[in-house]
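Data file: upload_10.cif. Format and content: mmCIF, C-alpha atoms.
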data_target
loop_
_atom_site.label_atom_id
_atom_site.label_comp_id
_atom_site.auth_asym_id
_atom_site.auth_seq_id
_atom_site.Cartn_x
_atom_site.Cartn_y
_atom_site.Cartn_z
CA MET A 1 0.00 0.00 0.00
CA SER A 2 1.04 3.59 -0.42
CA PRO A 3 2.47 5.07 2.79
CA SER A 4 0.86 7.98 4.59
CA ARG A 5 1.54 9.84 7.80
CA THR A 6 -0.66 9.53 10.85
CA PRO A 7 -2.98 12.51 11.46
CA LEU A 8 -3.33 14.02 14.93
CA SER A 9 -7.12 13.76 15.03
CA LEU A 10 -8.92 10.53 14.21
CA LYS A 11 -12.25 12.14 13.49
CA GLY A 12 -10.67 14.87 11.41
CA SER A 13 -8.64 12.27 9.51
CA VAL A 14 -11.60 10.07 8.72
CA ARG A 15 -13.61 13.11 7.63
CA ARG A 16 -10.78 14.25 5.37
CA LEU A 17 -10.55 10.77 3.84
CA PHE A 18 -14.14 10.82 2.66
CA VAL A 19 -13.99 14.44 1.56
CA ALA A 20 -10.86 13.69 -0.45
CA ALA A 21 -12.41 10.62 -2.03
CA GLY A 22 -15.53 12.58 -2.94
CA ALA A 23 -13.48 15.37 -4.43
CA ALA A 24 -11.49 12.88 -6.47
CA VAL A 25 -14.67 11.31 -7.80
CA LEU A 26 -15.98 14.76 -8.76
CA MET A 27 -12.71 15.69 -10.40
CA LEU A 28 -12.69 12.46 -12.39
CA GLY A 29 -16.27 13.03 -13.50
CA VAL A 30 -15.43 16.50 -14.78
CA ALA A 31 -12.34 15.23 -16.53
CA SER A 32 -14.25 12.38 -18.13
CA CYS A 33 -16.92 14.70 -19.49
CA GLY A 34 -14.52 17.06 -21.16
CA GLY A 35 -10.89 17.08 -22.18
CA GLY A 36 -10.52 13.34 -21.71
CA ASP A 37 -9.16 12.75 -25.20
CA ASP A 38 -6.44 15.39 -25.30
CA LYS A 39 -3.88 12.91 -23.92
CA LYS A 40 -5.15 9.84 -25.70
CA THR A 41 -2.15 7.78 -26.68
CA THR A 42 -3.36 4.97 -29.00
CA GLY A 43 0.24 4.29 -29.94
CA ALA A 44 1.30 7.95 -30.24
CA MET A 45 3.97 9.42 -27.99
CA PRO A 46 2.23 11.55 -25.30
CA SER A 47 3.62 14.85 -24.08
CA GLU A 48 3.35 13.76 -20.43
CA LEU A 49 2.27 10.83 -18.27
CA THR A 50 0.17 10.71 -15.11
CA PHE A 51 1.04 8.16 -12.43
CA SER A 52 -1.76 7.24 -10.02
CA ILE A 53 -1.14 6.46 -6.36
CA LEU A 54 -3.54 5.30 -3.68
CA SER A 55 -3.05 7.57 -0.69
CA ALA A 56 -5.57 7.86 2.12
CA GLU A 57 -4.00 11.07 3.40
CA GLY A 58 -3.30 12.68 0.04
CA GLN A 59 -0.35 14.25 -1.68
CA ALA A 60 0.97 16.20 1.32
CA SER A 61 2.05 13.04 3.13
CA SER A 62 2.74 10.57 0.33
CA GLY A 63 4.04 13.04 -2.23
CA PRO A 64 7.52 13.44 -0.73
CA LEU A 65 8.01 9.66 -0.71
CA TRP A 66 6.92 9.13 -4.31
CA GLN A 67 8.21 12.31 -5.97
CA PRO A 68 11.89 11.23 -6.22
CA LEU A 69 10.80 8.08 -8.06
CA LEU A 70 8.59 10.09 -10.42
CA ASP A 71 11.41 12.57 -11.06
CA ASP A 72 13.75 9.72 -11.92
CA MET A 73 11.10 8.19 -14.17
CA SER A 74 10.66 11.49 -16.01
CA GLU A 75 14.38 11.72 -16.66
CA ALA A 76 14.63 8.07 -17.77
CA ILE A 77 11.77 8.17 -20.29
CA GLY A 78 12.23 11.77 -21.45
CA ILE A 79 8.63 12.79 -20.67
CA PRO A 80 7.30 14.62 -17.59
CA VAL A 81 5.48 12.36 -15.11
CA LYS A 82 3.01 13.92 -12.71
CA PRO A 83 1.23 12.21 -9.80
CA PHE A 84 -2.48 11.65 -9.31
CA PHE A 85 -3.41 10.88 -5.69
CA ALA A 86 -6.73 9.47 -4.55
CA GLY A 87 -8.00 7.63 -1.50
CA ASN A 88 -10.39 5.37 -3.39
CA TYR A 89 -9.52 2.39 -5.60
CA ASN A 90 -12.45 2.85 -7.98
CA VAL A 91 -11.42 6.44 -8.66
CA LEU A 92 -7.96 5.23 -9.71
CA ILE A 93 -9.32 2.40 -11.87
CA GLU A 94 -11.73 4.75 -13.62
CA ALA A 95 -8.94 7.28 -14.10
CA MET A 96 -6.95 4.71 -16.05
CA ARG A 97 -10.05 3.54 -17.91
CA PHE A 98 -10.70 7.08 -19.20
CA ASN A 99 -7.00 7.67 -19.93
CA GLN A 100 -6.65 10.29 -17.22
CA THR A 101 -3.72 8.21 -15.91
CA GLN A 102 -1.39 6.02 -17.93
CA VAL A 103 0.81 4.41 -15.25
CA ALA A 104 -0.28 3.24 -11.80
CA TRP A 105 0.74 1.60 -8.58
CA PHE A 106 -2.06 -0.84 -7.74
CA SER A 107 -2.53 -3.52 -5.14
CA ALA A 108 -3.42 -6.86 -6.65
CA LYS A 109 -7.24 -6.69 -6.81
CA PRO A 110 -7.37 -3.18 -8.37
CA ALA A 111 -4.57 -4.25 -10.73
CA LEU A 112 -6.78 -7.11 -11.87
CA GLU A 113 -9.70 -4.70 -12.32
CA ALA A 114 -7.48 -2.39 -14.38
CA VAL A 115 -6.41 -5.29 -16.60
CA ASP A 116 -10.00 -6.46 -17.08
CA ARG A 117 -11.73 -3.14 -17.70
CA ALA A 118 -9.25 -0.27 -17.98
CA GLN A 119 -6.83 -1.42 -20.72
CA GLY A 120 -4.22 -2.14 -18.09
CA GLU A 121 -1.05 -4.16 -18.62
CA VAL A 122 1.11 -5.40 -15.72
CA ILE A 123 4.83 -4.81 -16.21
CA ALA A 124 6.27 -5.31 -12.71
CA ARG A 125 5.50 -6.35 -9.15
CA ILE A 126 6.82 -5.03 -5.85
CA VAL A 127 9.51 -6.75 -3.77
CA ASP A 128 9.84 -5.71 -0.13
CA PRO A 129 13.12 -5.12 1.77
CA GLU A 130 13.17 -8.76 2.91
CA GLY A 131 12.93 -10.02 -0.67
CA ARG A 132 9.24 -11.00 -0.51
CA ASP A 133 6.84 -10.32 -3.36
CA SER A 134 3.84 -11.16 -1.20
CA TYR A 135 2.27 -9.79 1.96
CA THR A 136 -0.54 -10.75 4.34
CA SER A 137 -3.97 -9.52 5.34
CA THR A 138 -4.55 -9.16 9.08
CA LEU A 139 -7.34 -8.72 11.58
CA ILE A 140 -6.45 -6.18 14.26
CA VAL A 141 -7.84 -5.29 17.70
CA GLN A 142 -6.84 -2.88 20.42
CA LYS A 143 -4.10 -4.39 22.58
CA GLY A 144 -5.49 -5.53 25.91
CA SER A 145 -9.09 -5.57 24.67
CA GLY A 146 -9.46 -9.27 25.34
CA ILE A 147 -10.99 -9.80 21.90
CA THR A 148 -9.83 -13.10 20.44
CA LEU A 149 -10.39 -14.66 17.03
CA ASP A 150 -12.75 -17.22 18.57
CA LYS A 151 -14.86 -14.40 20.02
CA VAL A 152 -14.92 -12.64 16.65
CA LEU A 153 -16.01 -15.78 14.83
CA ALA A 154 -18.77 -16.37 17.39
CA CYS A 155 -20.53 -13.33 15.88
CA GLY A 156 -23.60 -12.35 17.91
CA LYS A 157 -23.56 -8.72 16.72
CA GLN A 158 -21.51 -7.64 19.70
CA TYR A 159 -18.62 -5.88 17.95
CA ASP A 160 -18.14 -2.89 15.62
CA PHE A 161 -16.13 -3.99 12.59
CA GLY A 162 -14.01 -1.98 10.16
CA ILE A 163 -13.58 -3.50 6.70
CA GLY A 164 -11.56 -2.16 3.77
CA ASP A 165 -12.42 -0.64 0.43
CA ALA A 166 -14.56 -3.02 -1.64
CA GLN A 167 -11.67 -3.27 -4.14
CA SER A 168 -9.01 -3.83 -1.48
CA THR A 169 -7.20 -7.15 -1.71
CA SER A 170 -6.12 -7.34 1.92
CA GLY A 171 -8.84 -5.16 3.42
CA THR A 172 -11.84 -7.05 2.01
CA LEU A 173 -11.16 -9.85 -0.47
CA ALA A 174 -8.59 -11.83 1.54
CA PRO A 175 -10.52 -11.79 4.87
CA LEU A 176 -13.66 -12.93 3.06
CA THR A 177 -11.83 -15.65 1.11
CA PHE A 178 -9.67 -17.08 3.87
CA LEU A 179 -11.56 -16.32 7.07
CA PHE A 180 -15.26 -15.57 6.74
CA ASN A 181 -16.50 -17.43 3.65
CA PRO A 182 -15.18 -20.87 4.67
CA ARG A 183 -17.15 -20.52 7.92
CA GLY A 184 -20.30 -19.23 6.29
CA ILE A 185 -19.96 -15.86 8.02
CA VAL A 186 -21.43 -12.73 6.44
CA PRO A 187 -19.93 -9.66 8.17
CA ASN A 188 -23.14 -7.61 8.00
CA GLN A 189 -24.95 -10.41 9.80
CA CYS A 190 -22.11 -11.13 12.23
CA PHE A 191 -21.18 -7.72 13.63
CA LYS A 192 -23.10 -4.94 15.34
CA THR A 193 -21.92 -2.44 12.74
CA VAL A 194 -19.73 -2.69 9.64
CA ARG A 195 -18.03 0.38 8.21
CA SER A 196 -15.69 0.63 5.23
CA ALA A 197 -12.52 2.75 5.37
CA SER A 198 -8.85 2.75 4.42
CA HIS A 199 -6.31 0.67 6.30
CA GLN A 200 -4.99 3.79 7.99
CA ALA A 201 -8.40 4.99 9.13
CA ASN A 202 -9.32 1.52 10.37
CA ALA A 203 -6.09 1.29 12.34
CA PHE A 204 -6.71 4.69 13.96
CA ALA A 205 -10.26 3.60 14.78
CA VAL A 206 -9.10 0.39 16.47
CA ALA A 207 -6.34 2.13 18.42
CA THR A 208 -8.78 4.70 19.81
CA GLY A 209 -11.68 2.31 20.41
CA VAL A 210 -13.98 3.68 17.70
CA VAL A 211 -14.26 0.16 16.26
CA ASP A 212 -13.46 -3.11 18.02
CA ILE A 213 -11.98 -5.07 15.13
CA ALA A 214 -10.74 -4.14 11.66
CA THR A 215 -8.94 -5.53 8.65
CA SER A 216 -5.41 -4.36 7.92
CA ASN A 217 -2.25 -5.80 6.40
CA SER A 218 1.41 -6.41 7.10
CA VAL A 219 2.53 -3.46 4.95
CA ASN A 220 0.34 -1.03 6.88
CA THR A 221 1.84 -2.40 10.10
CA VAL A 222 5.35 -1.58 8.87
CA PHE A 223 4.41 2.02 8.08
CA MET A 224 2.53 2.46 11.33
CA ARG A 225 5.55 1.30 13.32
CA ARG A 226 7.77 3.67 11.36
CA GLU A 227 5.48 6.71 11.25
CA ASN A 228 3.67 6.42 14.58
CA PRO A 229 5.09 3.75 16.88
CA GLN A 230 2.91 4.96 19.75
CA LEU A 231 -0.22 4.20 17.75
CA ALA A 232 1.18 0.90 16.48
CA ALA A 233 1.85 -0.19 20.05
CA GLN A 234 -1.88 0.02 20.79
CA ILE A 235 -2.79 -2.57 18.15
CA GLU A 236 -2.27 -6.31 17.84
CA ASP A 237 -3.03 -8.96 15.21
CA ILE A 238 -5.45 -11.78 16.00
CA TRP A 239 -5.42 -13.31 12.51
CA VAL A 240 -2.97 -13.42 9.61
CA SER A 241 -3.87 -14.63 6.12
CA PRO A 242 -1.85 -16.86 3.80
CA PRO A 243 0.50 -14.87 1.53
CA ILE A 244 -1.18 -12.78 -1.17
CA PRO A 245 0.49 -11.18 -4.22
CA GLU A 246 2.15 -7.83 -3.59
CA SER A 247 1.30 -4.63 -5.44
CA GLY A 248 2.21 -4.13 -9.07
CA ILE A 249 2.95 -1.49 -11.68
CA VAL A 250 0.27 -1.25 -14.37
CA ILE A 251 0.46 0.76 -17.60
CA ARG A 252 -2.11 1.37 -20.30
CA GLU A 253 -1.65 -1.24 -23.00
CA ASP A 254 -2.15 1.31 -25.81
CA LEU A 255 0.91 3.36 -24.92
CA ASP A 256 3.54 3.82 -27.60
CA PRO A 257 5.59 0.56 -27.75
CA VAL A 258 8.90 2.41 -27.40
CA LEU A 259 7.59 4.26 -24.34
CA LYS A 260 6.29 1.03 -22.82
CA GLU A 261 9.74 -0.53 -23.08
CA LYS A 262 11.34 2.57 -21.53
CA LEU A 263 8.94 2.29 -18.61
CA ARG A 264 9.57 -1.43 -18.24
CA SER A 265 13.33 -0.90 -18.29
CA PHE A 266 13.09 1.93 -15.77
CA PHE A 267 11.26 -0.14 -13.18
CA LEU A 268 13.23 -3.35 -13.65
CA THR A 269 16.62 -1.65 -13.36
CA TYR A 270 15.75 0.92 -10.68
CA GLY A 271 17.91 0.57 -7.59
CA GLN A 272 19.99 -2.19 -9.15
CA GLY A 273 23.72 -2.29 -9.70
CA GLN A 274 26.53 -0.54 -7.88
CA GLY A 275 27.67 3.03 -7.33
CA PRO A 276 26.34 6.25 -5.81
CA GLU A 277 23.35 6.53 -8.16
CA ALA A 278 22.16 2.98 -7.45
CA ASP A 279 22.62 3.65 -3.73
CA ARG A 280 20.50 6.80 -4.00
CA GLN A 281 17.77 4.93 -5.84
CA ARG A 282 17.79 2.24 -3.18
CA GLN A 283 17.19 4.94 -0.58
CA VAL A 284 14.17 6.12 -2.57
CA LEU A 285 12.84 2.56 -2.62
CA ALA A 286 13.50 2.15 1.10
CA GLY A 287 11.27 5.14 1.78
CA LEU A 288 8.44 3.23 0.08
CA ASN A 289 9.40 -0.01 1.87
CA TYR A 290 10.48 -1.59 -1.41
CA SER A 291 13.76 -3.19 -2.48
CA MET A 292 13.14 -3.61 -6.20
CA PHE A 293 10.57 -4.09 -8.95
CA ARG A 294 10.43 -7.63 -10.37
CA ALA A 295 9.31 -8.44 -13.92
CA ALA A 296 5.71 -9.64 -14.06
CA ASP A 297 2.67 -9.96 -16.27
CA ASP A 298 -0.95 -10.37 -15.31
CA SER A 299 -0.52 -14.10 -14.63
CA TYR A 300 0.92 -13.15 -11.25
CA LEU A 301 -2.63 -12.06 -10.39
CA ASP A 302 -4.04 -15.58 -10.83
CA PRO A 303 -4.22 -16.20 -7.05
CA VAL A 304 -6.39 -13.10 -6.83
CA ARG A 305 -8.54 -14.35 -9.71
CA GLU A 306 -9.13 -17.47 -7.62
CA MET A 307 -10.12 -15.34 -4.65
CA VAL A 308 -12.53 -13.33 -6.81
CA ALA A 309 -14.07 -16.50 -8.24
CA ASP A 310 -14.45 -17.91 -4.74
CA GLN A 311 -16.24 -14.76 -3.63
CA LYS A 312 -18.55 -14.89 -6.66
CA LEU A 313 -19.32 -18.51 -5.84
CA ASN A 314 -20.30 -17.60 -2.28
CA GLU A 315 -22.45 -14.71 -3.47
CA ALA A 316 -24.19 -16.89 -6.06
CA LYS A 317 -24.88 -19.57 -3.47
CA ALA A 318 -26.34 -16.97 -1.10
CA LYS A 319 -28.73 -15.83 -3.86
CA ASN A 320 -29.51 -19.39 -4.95
CA ASP A 321 -28.28 -18.36 -8.40
CA GLN A 322 -27.53 -21.73 -9.98
CA ALA A 323 -26.20 -20.23 -13.20
CA GLY A 324 -23.86 -18.01 -11.19
CA VAL A 325 -22.73 -20.98 -9.10
CA ALA A 326 -21.96 -22.99 -12.22
CA ALA A 327 -20.02 -20.11 -13.83
CA ALA A 328 -17.97 -19.49 -10.69
CA GLU A 329 -17.21 -23.19 -10.29
CA ARG A 330 -16.01 -23.35 -13.91
CA ASP A 331 -13.75 -20.33 -13.34
CA LEU A 332 -12.33 -21.84 -10.17
CA ALA A 333 -11.72 -25.20 -11.81
CA ALA A 334 -9.91 -23.58 -14.75
CA LEU A 335 -7.72 -21.44 -12.49
CA ARG A 336 -6.85 -24.37 -10.24
CA ALA A 337 -6.03 -26.53 -13.25
CA LYS A 338 -3.75 -23.79 -14.57
CA ARG A 339 -2.02 -23.59 -11.18
CA GLU A 340 -1.46 -27.35 -11.16
CA VAL A 341 0.46 -27.32 -14.46
CA GLN A 342 2.58 -24.27 -13.63
CA PRO A 343 6.19 -24.99 -12.57
#

Rewritten as structure tokens:
Amino acid sequence: MSPSRTPLSLKGSVRRLFVAAGAAVLMLGVASCGGGDDKKTTGAMPSELTFSILSAEGQASSGPLWQPLLDDMSEAIGIPVKPFFAGNYNVLIEAMRFNQTQVAWFSAKPALEAVDRAQGEVIARIVDPEGRDSYTSTLIVQKGSGITLDKVLACGKQYDFGIGDAQSTSGTLAPLTFLFNPRGIVPNQCFKTVRSASHQANAFAVATGVVDIATSNSVNTVFMRRENPQLAAQIEDIWVSPPIPESGIVIREDLDPVLKEKLRSFFLTYGQGQGPEADRQRQVLAGLNYSMFRAADDSYLDPVREMVADQKLNEAKAKNDQAGVAAAERDLAALRAKREVQP
């Protein structure tokens, strides 16, 4: 996930999150209605690129961490690269769909959405400082609350629950796939209240007792410990998912082929090699909690495709939609068969 600094006021932060998301939606709507074709690439070399970044707290906090990478990208490809920050996955997906952005950092589920409906093409995936290209979803509670996983799974509408964005891999899809669906648990029927927010907002809410339980992930934990160790100390994990694919870099597939290769080369060589420049680039990556970008295509998202198909299967079963059940089962069988033959 994209890093962001911890605000001083929880209520003010949460309010700003939704205001920012609403403003981004409005801005996208205006852009889509007029002027949306002036940067259309369709194989032509654009005069600039826009790089989209999910950031719950906006450009002021995340901008300084990303800007050195964008500056280096601009120099490497010979075209200015400007950032587009939003706190909502759908805003970013729609921005790429309407060619308002041409390059993006996406977590796995939004990356899959961009590939399927926004002319997206995966060119790289993230590797963390420990060499992992996966991370985990978590369930967090306030330390000392006495809330255990068994108590959570007992339901009874006794707890307030914070879930992630509907498009979030670790905030929504992974907890449903690995924790709730196998037990036949529907969060809206299990908890007293269910509210959707970013990982950061959910963490603040748990730490201050606004919600009892929330989804988060291992990357958010790293940034919390770095940016606000006092807050991080008030939170503990009660569940950790199996590994899920890390974030990726997605570009529009209709970009000029020469430009696409420049972008690919930039990411795959960034922070590699020896010397002062490589050392400087590694420092930029360290600020984002990355060590490198590894070559990838959209096949690396197959585990997420399985998770999506599993969720569709559960939803179809809940609606007694036999056609939907059959379609989801076919998708799952095909994906699992593909996984079996992969080396």

* To do: Excluding A:Phe191 and residues on its chain fewer than 6 positions from it, collect all residues at most 9 Å away from it, counting all atoms listed in the file, and give them as number ranges by chain.
  => A: 152, 155-161

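For A:Arg282, the residues within 7 Å (counting all atoms listed in the file, excluding itself and residues fewer than 3 positions away along the chain) are Gly271, Ala278, Asp279, Leu285, Ala286 and Ser291 of chain A.
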
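Between atom CA of A:Glu236 and atom CA of A:Gly63 the interatomic distance comes to 28.6 Å.
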
* Compile the contact shell of A:Ala333 as a PyMOL selection string: residues with an atom at most 12 Å away, counting all atoms listed in the file, same-chain residues fewer than 3 positions apart removed. => chain A and resi 305-306+309-310+313+326-330+336-340

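Using only C-alpha atoms, the protein and nucleic acid residues lying no more than 8 Å from A:Asn90, apart from those fewer than 2 places from it along its own chain, are Asn88, Leu92, Ile93, Glu94, Pro110 and Gln167 of chain A.
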
* To do: Identify all residues satisfying the PyMOL selection byres ((chain A and resi 218) around 8) in the given file; provide them as a ChimeraX atom specification.
  => /A:135-138,216-217,219-222

Ground truth for the PyMOL selection byres ((chain A and resi 143) around 12), written as a PDB file with C-alpha atoms, keeping the file's coordinate frame:
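Writing the result to expr_16.pdb gives the following:
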ATOM      1  CA  ILE A 140      -6.450  -6.180  14.260  1.00  0.00           C
ATOM      2  CA  VAL A 141      -7.840  -5.290  17.700  1.00  0.00           C
ATOM      3  CA  GLN A 142      -6.840  -2.880  20.420  1.00  0.00           C
ATOM      4  CA  GLY A 144      -5.490  -5.530  25.910  1.00  0.00           C
ATOM      5  CA  SER A 145      -9.090  -5.570  24.670  1.00  0.00           C
ATOM      6  CA  GLY A 146      -9.460  -9.270  25.340  1.00  0.00           C
ATOM      7  CA  ILE A 147     -10.990  -9.800  21.900  1.00  0.00           C
ATOM      8  CA  THR A 148      -9.830 -13.100  20.440  1.00  0.00           C
ATOM      9  CA  ALA A 203      -6.090   1.290  12.340  1.00  0.00           C
ATOM     10  CA  VAL A 206      -9.100   0.390  16.470  1.00  0.00           C
ATOM     11  CA  ALA A 207      -6.340   2.130  18.420  1.00  0.00           C
ATOM     12  CA  THR A 208      -8.780   4.700  19.810  1.00  0.00           C
ATOM     13  CA  GLY A 209     -11.680   2.310  20.410  1.00  0.00           C
ATOM     14  CA  ASP A 212     -13.460  -3.110  18.020  1.00  0.00           C
ATOM     15  CA  ILE A 213     -11.980  -5.070  15.130  1.00  0.00           C
ATOM     16  CA  LEU A 231      -0.220   4.200  17.750  1.00  0.00           C
ATOM     17  CA  ALA A 232       1.180   0.900  16.480  1.00  0.00           C
ATOM     18  CA  ALA A 233       1.850  -0.190  20.050  1.00  0.00           C
ATOM     19  CA  GLN A 234      -1.880   0.020  20.790  1.00  0.00           C
ATOM     20  CA  ILE A 235      -2.790  -2.570  18.150  1.00  0.00           C
ATOM     21  CA  GLU A 236      -2.270  -6.310  17.840  1.00  0.00           C
ATOM     22  CA  ASP A 237      -3.030  -8.960  15.210  1.00  0.00           C
ATOM     23  CA  ILE A 238      -5.450 -11.780  16.000  1.00  0.00           C
TER      24      ILE A 238
END

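Comparing A:Asp165, A:Glu113, A:Glu121, A:Glu246 by their smallest distance to A:Ser134, the closest is A:Glu246 (using only C-alpha atoms).
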
* Closest to A:Arg294 among A:Gly131, A:Pro242, A:Pro229, A:Gly184, using all atoms listed in the file? -> A:Gly131

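Considering all atoms listed in the file, the residue among A:Gln230, A:Asn320, A:Thr50, A:Asn314 positioned nearest to A:Arg183 is A:Asn314.
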
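Between atom CA of A:Ser168 and atom CA of A:Thr215 there is a distance of 10.3 Å.
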